[in-house]
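Trainee: input.pdb (PDB, C-alpha atoms) pasted underneath:
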ATOM      1  CA  MET A   1       5.665  10.061 -32.332
ATOM      2  CA  THR A   2       3.100  10.790 -29.654
ATOM      3  CA  GLY A   3       4.005  12.825 -26.616
ATOM      4  CA  LEU A   4       7.018  15.075 -26.704
ATOM      5  CA  ASP A   5       8.406  16.205 -30.056
ATOM      6  CA  VAL A   6      10.544  19.373 -30.034
ATOM      7  CA  THR A   7      12.971  20.582 -32.703
ATOM      8  CA  VAL A   8      15.177  23.674 -32.514
ATOM      9  CA  SER A   9      17.938  24.914 -34.803
ATOM     10  CA  ALA A  10      20.535  27.662 -35.073
ATOM     11  CA  VAL A  11      23.520  28.598 -37.216
ATOM     12  CA  VAL A  12      26.919  28.165 -35.568
ATOM     13  CA  ALA A  13      29.977  30.080 -36.833
ATOM     14  CA  ALA A  14      32.116  27.053 -37.723
ATOM     15  CA  PRO A  15      32.170  24.403 -40.463
ATOM     16  CA  PRO A  16      30.099  21.202 -39.996
ATOM     17  CA  GLY A  17      33.158  18.988 -39.540
ATOM     18  CA  GLU A  18      34.462  21.094 -36.673
ATOM     19  CA  VAL A  19      31.070  21.399 -34.982
ATOM     20  CA  GLY A  20      30.362  17.701 -35.508
ATOM     21  CA  SER A  21      33.670  16.658 -33.939
ATOM     22  CA  TYR A  22      32.688  18.593 -30.836
ATOM     23  CA  VAL A  23      28.955  17.758 -30.664
ATOM     24  CA  PHE A  24      29.450  14.051 -31.422
ATOM     25  CA  ASP A  25      31.957  13.627 -28.563
ATOM     26  CA  PRO A  26      29.844  12.729 -25.507
ATOM     27  CA  LEU A  27      32.552  13.911 -23.106
ATOM     28  CA  ASN A  28      31.814  17.482 -24.286
ATOM     29  CA  ASP A  29      28.119  17.227 -23.294
ATOM     30  CA  PRO A  30      28.536  18.896 -19.862
ATOM     31  CA  GLU A  31      30.215  21.915 -21.534
ATOM     32  CA  TRP A  32      27.361  22.854 -23.858
ATOM     33  CA  ILE A  33      24.242  20.966 -22.752
ATOM     34  CA  GLY A  34      22.959  22.933 -19.787
ATOM     35  CA  GLY A  35      21.358  20.161 -17.768
ATOM     36  CA  ILE A  36      24.136  17.590 -18.180
ATOM     37  CA  ARG A  37      26.428  17.321 -15.153
ATOM     38  CA  GLU A  38      28.356  14.210 -16.221
ATOM     39  CA  ALA A  39      28.729  12.036 -19.311
ATOM     40  CA  ARG A  40      30.713   8.838 -19.548
ATOM     41  CA  TRP A  41      31.265   6.094 -22.056
ATOM     42  CA  LEU A  42      29.720   2.712 -21.260
ATOM     43  CA  THR A  43      31.224   1.247 -24.439
ATOM     44  CA  GLU A  44      34.655   1.851 -25.899
ATOM     45  CA  PRO A  45      35.113   4.958 -28.064
ATOM     46  CA  PRO A  46      34.943   5.961 -30.855
ATOM     47  CA  LEU A  47      31.289   6.776 -31.363
ATOM     48  CA  ARG A  48      29.489   4.293 -33.623
ATOM     49  CA  VAL A  49      26.087   2.631 -33.968
ATOM     50  CA  GLY A  50      25.580   0.675 -30.747
ATOM     51  CA  SER A  51      27.740   2.988 -28.594
ATOM     52  CA  ARG A  52      26.263   3.720 -25.182
ATOM     53  CA  VAL A  53      26.774   6.821 -23.051
ATOM     54  CA  GLU A  54      25.492   7.453 -19.553
ATOM     55  CA  ARG A  55      24.441  10.992 -18.684
ATOM     56  CA  VAL A  56      23.706  12.475 -15.283
ATOM     57  CA  ALA A  57      21.505  15.547 -15.578
ATOM     58  CA  ARG A  58      19.394  18.024 -13.635
ATOM     59  CA  PHE A  59      15.933  18.443 -15.092
ATOM     60  CA  ALA A  60      13.135  20.382 -13.430
ATOM     61  CA  GLY A  61      15.200  20.447 -10.228
ATOM     62  CA  ARG A  62      15.712  16.681 -10.088
ATOM     63  CA  ARG A  63      18.721  14.454 -10.677
ATOM     64  CA  VAL A  64      18.129  12.232 -13.694
ATOM     65  CA  GLU A  65      20.412   9.416 -14.833
ATOM     66  CA  TYR A  66      19.938   7.830 -18.220
ATOM     67  CA  VAL A  67      21.721   5.848 -20.909
ATOM     68  CA  LEU A  68      21.561   6.725 -24.600
ATOM     69  CA  GLU A  69      22.444   4.277 -27.363
ATOM     70  CA  VAL A  70      23.466   5.451 -30.828
ATOM     71  CA  THR A  71      20.999   4.081 -33.395
ATOM     72  CA  GLU A  72      22.134   6.076 -36.450
ATOM     73  CA  LEU A  73      25.421   7.817 -37.192
ATOM     74  CA  GLU A  74      26.492   9.700 -40.298
ATOM     75  CA  ALA A  75      29.382  11.790 -38.965
ATOM     76  CA  PRO A  76      29.643  14.739 -39.146
ATOM     77  CA  SER A  77      26.079  15.357 -40.291
ATOM     78  CA  ARG A  78      23.693  13.249 -38.199
ATOM     79  CA  ILE A  79      23.426  11.219 -35.035
ATOM     80  CA  ARG A  80      20.349   9.661 -33.507
ATOM     81  CA  MET A  81      20.162   8.103 -30.055
ATOM     82  CA  ARG A  82      17.464   6.420 -27.992
ATOM     83  CA  SER A  83      17.200   5.888 -24.285
ATOM     84  CA  VAL A  84      17.845   2.345 -23.103
ATOM     85  CA  ARG A  85      17.726   3.195 -19.406
ATOM     86  CA  ALA A  86      15.802   6.314 -18.449
ATOM     87  CA  PRO A  87      12.847   7.500 -16.403
ATOM     88  CA  PHE A  88      10.927   7.973 -19.683
ATOM     89  CA  PRO A  89      11.394   6.926 -23.334
ATOM     90  CA  MET A  90      13.497   9.403 -25.276
ATOM     91  CA  ASP A  91      14.781   9.821 -28.819
ATOM     92  CA  VAL A  92      17.459  12.461 -29.482
ATOM     93  CA  ALA A  93      18.791  13.509 -32.890
ATOM     94  CA  TYR A  94      21.432  16.079 -33.833
ATOM     95  CA  GLY A  95      21.700  17.226 -37.432
ATOM     96  CA  LEU A  96      24.386  19.413 -39.004
ATOM     97  CA  GLU A  97      24.341  20.926 -42.465
ATOM     98  CA  ASP A  98      26.484  23.429 -44.285
ATOM     99  CA  ALA A  99      25.285  27.033 -43.970
ATOM    100  CA  SER A 100      28.403  28.735 -45.317
ATOM    101  CA  PRO A 101      30.327  30.181 -43.689
ATOM    102  CA  GLY A 102      28.872  28.289 -40.733
ATOM    103  CA  CYS A 103      26.810  25.252 -39.909
ATOM    104  CA  ARG A 104      23.090  24.841 -39.154
ATOM    105  CA  VAL A 105      22.682  22.639 -36.091
ATOM    106  CA  SER A 106      19.318  21.121 -35.274
ATOM    107  CA  ILE A 107      18.342  19.161 -32.193
ATOM    108  CA  ARG A 108      15.198  17.064 -31.996
ATOM    109  CA  VAL A 109      13.980  15.423 -28.801
ATOM    110  CA  GLY A 110      11.015  13.095 -28.795
ATOM    111  CA  GLY A 111       9.444  10.886 -26.187
ATOM    112  CA  GLY A 112       6.257   9.083 -25.394
ATOM    113  CA  GLY A 113       3.495   9.835 -22.982
ATOM    114  CA  TRP A 114       1.380  12.713 -21.778
ATOM    115  CA  ALA A 115       3.887  13.890 -19.130
ATOM    116  CA  GLN A 116       6.466  14.641 -21.806
ATOM    117  CA  ARG A 117       3.876  16.648 -23.760
ATOM    118  CA  LEU A 118       3.433  18.831 -20.695
ATOM    119  CA  ALA A 119       7.204  19.351 -20.521
ATOM    120  CA  ARG A 120       7.395  20.649 -24.130
ATOM    121  CA  PRO A 121       7.912  24.377 -23.266
ATOM    122  CA  LEU A 122      10.637  23.563 -20.740
ATOM    123  CA  VAL A 123      12.406  21.209 -23.143
ATOM    124  CA  ARG A 124      12.251  23.821 -25.932
ATOM    125  CA  ARG A 125      13.765  26.505 -23.651
ATOM    126  CA  ASN A 126      16.525  24.119 -22.572
ATOM    127  CA  LEU A 127      17.368  23.118 -26.152
ATOM    128  CA  GLU A 128      17.428  26.761 -27.272
ATOM    129  CA  ARG A 129      19.806  27.536 -24.395
ATOM    130  CA  ASP A 130      22.020  24.608 -25.428
ATOM    131  CA  LEU A 131      22.272  25.984 -28.956
ATOM    132  CA  ARG A 132      23.179  29.434 -27.585
ATOM    133  CA  ASN A 133      25.941  27.744 -25.542
ATOM    134  CA  LEU A 134      27.195  25.976 -28.661
ATOM    135  CA  LYS A 135      27.152  29.213 -30.686
ATOM    136  CA  ARG A 136      29.103  31.015 -27.932
ATOM    137  CA  ARG A 137      31.688  28.252 -27.779
ATOM    138  CA  PHE A 138      32.458  28.529 -31.494
ATOM    139  CA  ALA A 139      32.147  32.323 -31.593
ATOM    140  CA  THR A 140      34.906  32.618 -28.982
ATOM    141  CA  GLN A 141      37.122  30.271 -31.000
ATOM    142  CA  SER A 142      36.922  32.304 -34.189
ATOM    143  CA  SER A 143      39.221  35.305 -34.350
ATOM    144  CA  GLY A 144      36.983  37.923 -32.816
ATOM    145  CA  SER A 145      33.935  37.146 -34.939
ATOM    146  CA  SER A 146      30.487  36.967 -33.428
ATOM    147  CA  SER A 147      27.979  34.157 -33.767
ATOM    148  CA  VAL A 148      25.853  33.928 -36.882
ATOM    149  CA  GLY A 149      22.076  33.643 -37.275
ATOM    150  CA  GLY A 150      19.978  31.568 -34.944
ATOM    151  CA  GLY A 151      16.453  30.811 -34.044
ATOM    152  CA  SER A 152      14.215  27.854 -33.584
ATOM    153  CA  SER A 153      11.673  25.933 -35.496
ATOM    154  CA  GLY A 154       9.284  23.496 -34.395
TER
END
Could you express the structure from this file as structure tokens?
Mentor:
Amino acid sequence: MTGLDVTVSAVVAAPPGEVGSYVFDPLNDPEWIGGIREARWLTEPPLRVGSRVERVARFAGRRVEYVLEVTELEAPSRIRMRSVRAPFPMDVAYGLEDASPGCRVSIRVGGGGWAQRLARPLVRRNLERDLRNLKRRFATQSSGSSSVGGGSSG
């Protein structure tokens, strides 16, 4: 894909099924995805191929509204979504794999065009922050244990 293509990953201190149940529920997006202010179903739950979710976000100081449609779903290990209404084309994928005793979560965001290429460092920082939020959420749920591993790749 030309333009933006950023992938980050980290290990979260919970099993893939538990993390997937949380990450694959769009109503949780505002809790762990830093820029998301609102998320709402445009189709009836549960999540499946063809489901659509509208997100309202703040990005680079601006309000951004967009709709993502699920194009692939293999719960609890993979979901891929594409923008169907957005200021720029976007492809988002979450992957989860066992990393006993936790789960490796990866997020990939891609999009077309030169403007998205310029936004790569900002997108990477935001995605890394989102993974830290996710790690904190599951670290506080486990009985006093701290988060495991972490990092990014790209």
Trainee: For A:Val49, which of A:Leu73, A:Gly111, A:Tyr66, A:Ile36 is the closest residue, counting all atoms listed in the file?
Mentor: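 Among the listed residues, A:Leu73 lies closest to A:Val49.
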Trainee: List the residues matched by the PyMOL selection byres ((chain A and resi 55-62) around 8) in the displayed structure as a short mmCIF file (atom, residue, chain, number, x, y, z; two decimals) with C-alpha atoms, in the frame of the given file, ordered by chain and then by residue number.
Mentor:
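Once written, out_21.cif looks like this:
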data_model
loop_
_atom_site.label_atom_id
_atom_site.label_comp_id
_atom_site.auth_asym_id
_atom_site.auth_seq_id
_atom_site.Cartn_x
_atom_site.Cartn_y
_atom_site.Cartn_z
CA GLY A 35 21.36 20.16 -17.77
CA ILE A 36 24.14 17.59 -18.18
CA ARG A 37 26.43 17.32 -15.15
CA GLU A 38 28.36 14.21 -16.22
CA ALA A 39 28.73 12.04 -19.31
CA ARG A 40 30.71 8.84 -19.55
CA VAL A 53 26.77 6.82 -23.05
CA GLU A 54 25.49 7.45 -19.55
CA ARG A 63 18.72 14.45 -10.68
CA VAL A 64 18.13 12.23 -13.69
CA GLU A 65 20.41 9.42 -14.83
CA TYR A 66 19.94 7.83 -18.22
CA VAL A 67 21.72 5.85 -20.91
CA LEU A 68 21.56 6.72 -24.60
#
Trainee: Report as JSON the centre and the edge lengths, in Å to one decimal, of the axis-aligned box holding every listed atom of stretch 80-99 of chain A, padded by 3 Å on each side.
Mentor:
{"center_x": 18.7, "center_y": 14.7, "center_z": -30.3, "size_x": 21.6, "size_y": 30.7, "size_z": 33.9}
Trainee: Could you write out as a ChimeraX atom specification the residues that the PyMOL selection byres ((chain A and resi 31) around 12) matches in the shown file?
Mentor: /A:22-23,25-30,32-39,130-134,136-137
Trainee: Can you list, as a PyMOL selection string, every protein, DNA or RNA residue that comes within 8 Å of A:Phe88 when you count only C-alpha atoms, leaving out same-chain residues fewer than 2 positions away?
Mentor: chain A and resi 86+90+111-112
Trainee: Once you have the residues from the selection above, write them out as a PDB file, in the coordinates of the input, restricted to C-alpha atoms.
Mentor:
ATOM      1  CA  ALA A  86      15.802   6.314 -18.449  1.00  0.00           C
ATOM      2  CA  MET A  90      13.497   9.403 -25.276  1.00  0.00           C
ATOM      3  CA  GLY A 111       9.444  10.886 -26.187  1.00  0.00           C
ATOM      4  CA  GLY A 112       6.257   9.083 -25.394  1.00  0.00           C
TER       5      GLY A 112
END
Trainee: Assuming the input is short of atoms at stretch 18-50 of chain A, produce N, CA and C atoms for that part as a PDB file, in the coordinates of the input.
Mentor:
ATOM      1  N   GLU A  18      33.958  20.624 -37.964  1.00  0.00           N
ATOM      2  CA  GLU A  18      34.462  21.094 -36.673  1.00  0.00           C
ATOM      3  C   GLU A  18      33.380  21.010 -35.597  1.00  0.00           C
ATOM      4  N   VAL A  19      32.176  21.455 -35.942  1.00  0.00           N
ATOM      5  CA  VAL A  19      31.070  21.399 -34.982  1.00  0.00           C
ATOM      6  C   VAL A  19      30.723  19.947 -34.670  1.00  0.00           C
ATOM      7  N   GLY A  20      30.682  19.108 -35.703  1.00  0.00           N
ATOM      8  CA  GLY A  20      30.362  17.701 -35.508  1.00  0.00           C
ATOM      9  C   GLY A  20      31.364  16.987 -34.621  1.00  0.00           C
ATOM     10  N   SER A  21      32.650  17.280 -34.795  1.00  0.00           N
ATOM     11  CA  SER A  21      33.670  16.658 -33.939  1.00  0.00           C
ATOM     12  C   SER A  21      33.420  16.971 -32.473  1.00  0.00           C
ATOM     13  N   TYR A  22      32.959  18.171 -32.211  1.00  0.00           N
ATOM     14  CA  TYR A  22      32.688  18.593 -30.836  1.00  0.00           C
ATOM     15  C   TYR A  22      31.366  18.002 -30.320  1.00  0.00           C
ATOM     16  N   VAL A  23      30.291  18.180 -31.090  1.00  0.00           N
ATOM     17  CA  VAL A  23      28.955  17.758 -30.664  1.00  0.00           C
ATOM     18  C   VAL A  23      28.863  16.239 -30.545  1.00  0.00           C
ATOM     19  N   PHE A  24      29.550  15.503 -31.418  1.00  0.00           N
ATOM     20  CA  PHE A  24      29.450  14.051 -31.422  1.00  0.00           C
ATOM     21  C   PHE A  24      30.414  13.397 -30.442  1.00  0.00           C
ATOM     22  N   ASP A  25      31.106  14.173 -29.630  1.00  0.00           N
ATOM     23  CA  ASP A  25      31.957  13.627 -28.563  1.00  0.00           C
ATOM     24  C   ASP A  25      31.199  13.764 -27.247  1.00  0.00           C
ATOM     25  N   PRO A  26      30.679  12.660 -26.712  1.00  0.00           N
ATOM     26  CA  PRO A  26      29.844  12.729 -25.507  1.00  0.00           C
ATOM     27  C   PRO A  26      30.536  13.372 -24.309  1.00  0.00           C
ATOM     28  N   LEU A  27      31.854  13.322 -24.253  1.00  0.00           N
ATOM     29  CA  LEU A  27      32.552  13.911 -23.106  1.00  0.00           C
ATOM     30  C   LEU A  27      32.432  15.432 -23.099  1.00  0.00           C
ATOM     31  N   ASN A  28      32.039  16.037 -24.228  1.00  0.00           N
ATOM     32  CA  ASN A  28      31.814  17.482 -24.286  1.00  0.00           C
ATOM     33  C   ASN A  28      30.415  17.875 -23.818  1.00  0.00           C
ATOM     34  N   ASP A  29      29.509  16.916 -23.648  1.00  0.00           N
ATOM     35  CA  ASP A  29      28.119  17.227 -23.294  1.00  0.00           C
ATOM     36  C   ASP A  29      27.981  18.181 -22.106  1.00  0.00           C
ATOM     37  N   PRO A  30      28.713  17.977 -21.003  1.00  0.00           N
ATOM     38  CA  PRO A  30      28.536  18.896 -19.862  1.00  0.00           C
ATOM     39  C   PRO A  30      28.943  20.343 -20.163  1.00  0.00           C
ATOM     40  N   GLU A  31      29.766  20.561 -21.198  1.00  0.00           N
ATOM     41  CA  GLU A  31      30.215  21.915 -21.534  1.00  0.00           C
ATOM     42  C   GLU A  31      29.145  22.730 -22.254  1.00  0.00           C
ATOM     43  N   TRP A  32      28.301  22.080 -23.045  1.00  0.00           N
ATOM     44  CA  TRP A  32      27.361  22.854 -23.858  1.00  0.00           C
ATOM     45  C   TRP A  32      25.897  22.504 -23.616  1.00  0.00           C
ATOM     46  N   ILE A  33      25.621  21.345 -23.043  1.00  0.00           N
ATOM     47  CA  ILE A  33      24.242  20.966 -22.752  1.00  0.00           C
ATOM     48  C   ILE A  33      23.974  21.324 -21.300  1.00  0.00           C
ATOM     49  N   GLY A  34      23.142  22.328 -21.093  1.00  0.00           N
ATOM     50  CA  GLY A  34      22.959  22.933 -19.787  1.00  0.00           C
ATOM     51  C   GLY A  34      22.623  21.993 -18.648  1.00  0.00           C
ATOM     52  N   GLY A  35      21.770  21.025 -18.860  1.00  0.00           N
ATOM     53  CA  GLY A  35      21.358  20.161 -17.768  1.00  0.00           C
ATOM     54  C   GLY A  35      22.313  19.028 -17.464  1.00  0.00           C
ATOM     55  N   ILE A  36      23.250  18.744 -18.355  1.00  0.00           N
ATOM     56  CA  ILE A  36      24.136  17.590 -18.180  1.00  0.00           C
ATOM     57  C   ILE A  36      25.241  17.940 -17.190  1.00  0.00           C
ATOM     58  N   ARG A  37      25.364  17.139 -16.149  1.00  0.00           N
ATOM     59  CA  ARG A  37      26.428  17.321 -15.153  1.00  0.00           C
ATOM     60  C   ARG A  37      27.603  16.402 -15.424  1.00  0.00           C
ATOM     61  N   GLU A  38      27.309  15.193 -15.932  1.00  0.00           N
ATOM     62  CA  GLU A  38      28.356  14.210 -16.221  1.00  0.00           C
ATOM     63  C   GLU A  38      27.950  13.414 -17.453  1.00  0.00           C
ATOM     64  N   ALA A  39      28.953  12.959 -18.200  1.00  0.00           N
ATOM     65  CA  ALA A  39      28.729  12.036 -19.311  1.00  0.00           C
ATOM     66  C   ALA A  39      29.917  11.081 -19.331  1.00  0.00           C
ATOM     67  N   ARG A  40      29.609   9.799 -19.494  1.00  0.00           N
ATOM     68  CA  ARG A  40      30.713   8.838 -19.548  1.00  0.00           C
ATOM     69  C   ARG A  40      30.368   7.700 -20.499  1.00  0.00           C
ATOM     70  N   TRP A  41      31.410   7.204 -21.137  1.00  0.00           N
ATOM     71  CA  TRP A  41      31.265   6.094 -22.056  1.00  0.00           C
ATOM     72  C   TRP A  41      30.918   4.824 -21.279  1.00  0.00           C
ATOM     73  N   LEU A  42      29.969   4.052 -21.775  1.00  0.00           N
ATOM     74  CA  LEU A  42      29.720   2.712 -21.260  1.00  0.00           C
ATOM     75  C   LEU A  42      30.282   1.664 -22.213  1.00  0.00           C
ATOM     76  N   THR A  43      30.557   2.088 -23.445  1.00  0.00           N
ATOM     77  CA  THR A  43      31.224   1.247 -24.439  1.00  0.00           C
ATOM     78  C   THR A  43      32.527   1.945 -24.802  1.00  0.00           C
ATOM     79  N   GLU A  44      33.379   1.254 -25.499  1.00  0.00           N
ATOM     80  CA  GLU A  44      34.655   1.851 -25.899  1.00  0.00           C
ATOM     81  C   GLU A  44      34.454   2.859 -27.021  1.00  0.00           C
ATOM     82  N   PRO A  45      35.136   4.035 -26.931  1.00  0.00           N
ATOM     83  CA  PRO A  45      35.113   4.958 -28.064  1.00  0.00           C
ATOM     84  C   PRO A  45      35.839   4.294 -29.247  1.00  0.00           C
ATOM     85  N   PRO A  46      35.657   4.754 -30.453  1.00  0.00           N
ATOM     86  CA  PRO A  46      34.943   5.961 -30.855  1.00  0.00           C
ATOM     87  C   PRO A  46      33.435   5.723 -30.986  1.00  0.00           C
ATOM     88  N   LEU A  47      32.732   6.814 -31.195  1.00  0.00           N
ATOM     89  CA  LEU A  47      31.289   6.776 -31.363  1.00  0.00           C
ATOM     90  C   LEU A  47      30.925   6.004 -32.626  1.00  0.00           C
ATOM     91  N   ARG A  48      29.974   5.089 -32.495  1.00  0.00           N
ATOM     92  CA  ARG A  48      29.489   4.293 -33.623  1.00  0.00           C
ATOM     93  C   ARG A  48      28.096   3.786 -33.279  1.00  0.00           C
ATOM     94  N   VAL A  49      27.396   3.223 -34.246  1.00  0.00           N
ATOM     95  CA  VAL A  49      26.087   2.631 -33.968  1.00  0.00           C
ATOM     96  C   VAL A  49      26.289   1.556 -32.900  1.00  0.00           C
ATOM     97  N   GLY A  50      25.470   1.611 -31.859  1.00  0.00           N
ATOM     98  CA  GLY A  50      25.580   0.675 -30.747  1.00  0.00           C
ATOM     99  C   GLY A  50      26.324   1.244 -29.542  1.00  0.00           C
TER     100      GLY A  50
END
